[in-house]
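Chemist: Please find one structure pasted underneath; my questions will follow.
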Amino acid sequence: MTTSLLNEFRANTADNARGGPRWSAQQVLALFELPFNDLLHRAHGVHRAHFDPNAVQLSTLLSVKTGGCPEDCGYCPQAARYHTDVEAEALMSVEEVAAAARLAKANGATRFCMGAAWRGPKQRELDQVIEMVKAVRAEGLESCATLGMLREGQAEQLKAAGLDYYNHNIDTAPEFYGEIVTTRTQDDRLDTLERVRHAGLHVCCGGIIGMGESRRTRAALIAQLAGMDPYPESVPINNLVQVPGTPLHGTERLDPLEFVRTIACARITMPKAMVRLSAGRQEMGEAIQALCFFAGANSIFYGEKLLTTGNPDVEADRALFAKLGLRPLAGGGVS
């Protein structure tokens, strides 16, 4: 690392602790372009300074309302306009969600996330999700929901019900966003995130890589996340899962080591965040996952299914943790 970049790193680390100005896209790009070993060494040092390096948070994600979404996100098999194998389903019952939460807890999960394929919830739908949140909290789990864009007052209702986190990804850097989604703008997403913060909820916000973007775009995504004030407490990094029938099916696949670099840059620029390996983990293999954990990933989605796509099963994850000497993080992430 050059002296000037090291000085910038130190300055920005101090800014992160204060919640002040953080990283420019150019500074993050400079991190991406470090020799791989140097980047991982720096990222692991930051990770070890803030977390137990051998503890990983286990989260479970349940699709409580699948398919039929009116949006046109190019990566998503739940969009009604695409011809995929995903069929539209009704909203699950509170009893079904509570049973899934109990199973997740029995398998070691500490956070339970609920996703619904909506542009945004209607009030009657939100009322049902609120009961789900209460049921999940009654099981002693942290709760998270991703329901699309929220209107005024909806985040406050979720907070009052006991929701801990709201997930709303910004997907990609602003300059690339219109290539992926046209039915909303990234500013729409940021408006919801502002409402979530104002309501006092923790923010879960990340993006998707491997959608044909450049390294510079990936750097801009990480810089945008790190530049939020404060940056998200939870940062899911997704590797595109290509689903036949979606516009991004057939995109050139991302080099796995570039994914590791992205995890490392997220850790350096957001040192106190939970950085989660999310979609695409099934395709990574054990060696790449191990590198991601070393680079600063300390949260995974745990279970056989991630919304509508496959996920490494529980036994496979347990076996990998045993090989690596990892253990589940006790309790939740941010209280």
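Each chain in the structure tokens gets a letter, A, B, ..., in the order shown, and its residues are numbered from 1; ligands are numbered from 1 in order too.
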Out of region 39-243 of chain A, which residues get alpha helix (DSSP H) from DSSP, as number ranges by chain?

Modeler: A: 39-50, 94-106, 123-138, 154-161, 174-177, 186-198, 215-226

Chemist: Residues as selected, C-alpha atoms, written as a compact mmCIF listing (two decimals), in the first residue's frame, can you do that?

Modeler:
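The resulting result-v8.txt:
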```txt
# COMPACT_ATOMS: atom_id res chain seq x y z
CA LEU A 39 -5.74 -6.32 0.67
CA LEU A 40 -6.68 -9.40 2.69
CA HIS A 41 -4.05 -8.66 5.33
CA ARG A 42 -5.44 -5.15 5.83
CA ALA A 43 -9.06 -6.33 5.82
CA HIS A 44 -8.39 -9.11 8.31
CA GLY A 45 -6.63 -6.66 10.62
CA VAL A 46 -9.65 -4.36 10.59
CA HIS A 47 -11.96 -7.32 11.14
CA ARG A 48 -9.94 -8.68 14.05
CA ALA A 49 -9.85 -5.23 15.67
CA HIS A 50 -13.65 -5.10 15.87
CA VAL A 94 -48.48 -15.93 11.10
CA GLU A 95 -48.55 -19.52 12.36
CA GLU A 96 -46.43 -20.73 9.44
CA VAL A 97 -43.88 -17.98 10.00
CA ALA A 98 -43.72 -18.69 13.73
CA ALA A 99 -43.08 -22.39 13.03
CA ALA A 100 -40.28 -21.49 10.60
CA ALA A 101 -38.75 -19.16 13.20
CA ARG A 102 -38.75 -21.92 15.82
CA LEU A 103 -36.98 -24.27 13.39
CA ALA A 104 -34.42 -21.60 12.49
CA LYS A 105 -33.67 -21.02 16.17
CA ALA A 106 -33.32 -24.77 16.77
CA GLN A 123 -51.61 -1.24 5.03
CA ARG A 124 -53.56 -4.50 5.35
CA GLU A 125 -50.43 -6.39 4.28
CA LEU A 126 -48.28 -4.45 6.72
CA ASP A 127 -50.72 -5.28 9.50
CA GLN A 128 -50.15 -8.99 8.83
CA VAL A 129 -46.37 -8.59 8.73
CA ILE A 130 -46.51 -6.74 12.05
CA GLU A 131 -48.06 -9.84 13.62
CA MET A 132 -45.27 -11.93 12.08
CA VAL A 133 -42.66 -9.63 13.60
CA LYS A 134 -44.25 -10.04 17.02
CA ALA A 135 -44.26 -13.84 16.59
CA VAL A 136 -40.57 -13.91 15.62
CA ARG A 137 -39.61 -11.71 18.57
CA ALA A 138 -41.61 -14.00 20.86
CA GLN A 154 -44.90 2.50 7.96
CA ALA A 155 -41.37 2.23 9.36
CA GLU A 156 -42.64 3.60 12.67
CA GLN A 157 -45.31 0.90 12.79
CA LEU A 158 -42.70 -1.79 12.23
CA LYS A 159 -40.48 -0.30 14.93
CA ALA A 160 -43.39 -0.26 17.38
CA ALA A 161 -44.01 -3.95 16.64
CA PRO A 174 -25.96 5.07 -9.08
CA GLU A 175 -24.43 5.26 -12.55
CA PHE A 176 -25.26 1.60 -13.26
CA TYR A 177 -28.63 1.43 -11.54
CA GLN A 186 -32.22 4.51 -6.61
CA ASP A 187 -33.46 7.71 -4.97
CA ASP A 188 -36.71 5.85 -4.24
CA ARG A 189 -34.65 3.30 -2.36
CA LEU A 190 -32.77 5.99 -0.47
CA ASP A 191 -36.04 7.64 0.56
CA THR A 192 -37.12 4.40 2.23
CA LEU A 193 -33.76 4.05 3.95
CA GLU A 194 -34.15 7.58 5.31
CA ARG A 195 -37.58 6.65 6.70
CA VAL A 196 -36.12 3.53 8.28
CA ARG A 197 -33.35 5.51 9.99
CA HIS A 198 -35.78 8.19 11.15
CA ARG A 215 -14.65 -2.91 -10.89
CA ARG A 216 -15.00 0.88 -10.74
CA THR A 217 -18.76 0.41 -10.34
CA ARG A 218 -18.22 -2.08 -7.54
CA ALA A 219 -15.94 0.44 -5.84
CA ALA A 220 -18.60 3.13 -6.21
CA LEU A 221 -21.20 0.82 -4.64
CA ILE A 222 -19.00 0.17 -1.60
CA ALA A 223 -18.18 3.89 -1.32
CA GLN A 224 -21.87 4.78 -1.40
CA LEU A 225 -22.68 2.27 1.35
CA ALA A 226 -19.74 3.42 3.47
```

Chemist: Just want the 7 Å neighbourhood of region 59-63 of chain A, counted on only C-alpha atoms, with same-chain residues fewer than 6 positions away dropped. Output as a PyMOL selection string.

Modeler: chain A and resi 104+109-116+300-303+306-307

Chemist: Please compute the CA of Arg318 (chain A)-CA of Phe259 (chain A) distance, one decimal, in Å.

Modeler: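 Here the two named atoms are 22.5 Å from each other.
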
Chemist: May I have all residues of region 125-169 of chain A that DSSP, computed from the backbone, assigns to strand (DSSP E), given as a CSV table (one decimal) with N, CA and C atoms, in the first residue's frame?

Modeler:
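Resulting contents of states.csv:
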```csv
chain,number,residue,atom,x,y,z
A,142,GLU,N,-33.7,-12.0,16.8
A,142,GLU,CA,-33.7,-10.7,16.1
A,142,GLU,C,-34.6,-10.8,14.9
A,143,SER,N,-35.3,-9.7,14.6
A,143,SER,CA,-36.2,-9.8,13.4
A,143,SER,C,-35.7,-8.8,12.4
A,144,CYS,N,-35.9,-9.1,11.1
A,144,CYS,CA,-35.6,-8.3,10.0
A,144,CYS,C,-36.6,-8.5,8.9
A,145,ALA,N,-37.0,-7.4,8.2
A,145,ALA,CA,-38.0,-7.5,7.1
A,145,ALA,C,-37.5,-6.8,5.9
A,146,THR,N,-37.8,-7.3,4.7
A,146,THR,CA,-37.6,-6.6,3.5
A,146,THR,C,-38.9,-6.7,2.7
A,165,TYR,N,-34.4,-4.8,12.3
A,165,TYR,CA,-33.7,-4.4,11.1
A,165,TYR,C,-34.7,-4.3,10.0
A,166,TYR,N,-34.4,-3.3,9.1
A,166,TYR,CA,-35.1,-3.3,7.8
A,166,TYR,C,-34.1,-3.4,6.7
A,167,ASN,N,-34.3,-4.4,5.8
A,167,ASN,CA,-33.4,-4.6,4.7
A,167,ASN,C,-34.0,-3.9,3.4
```

Chemist: Record the distance separating CA of Leu91 (chain A) and CA of Glu233 (chain A), expressed in Å with one decimal.

Modeler: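 Result for CA of Leu91 (chain A) versus CA of Glu233 (chain A): 28.0 Å, one decimal.
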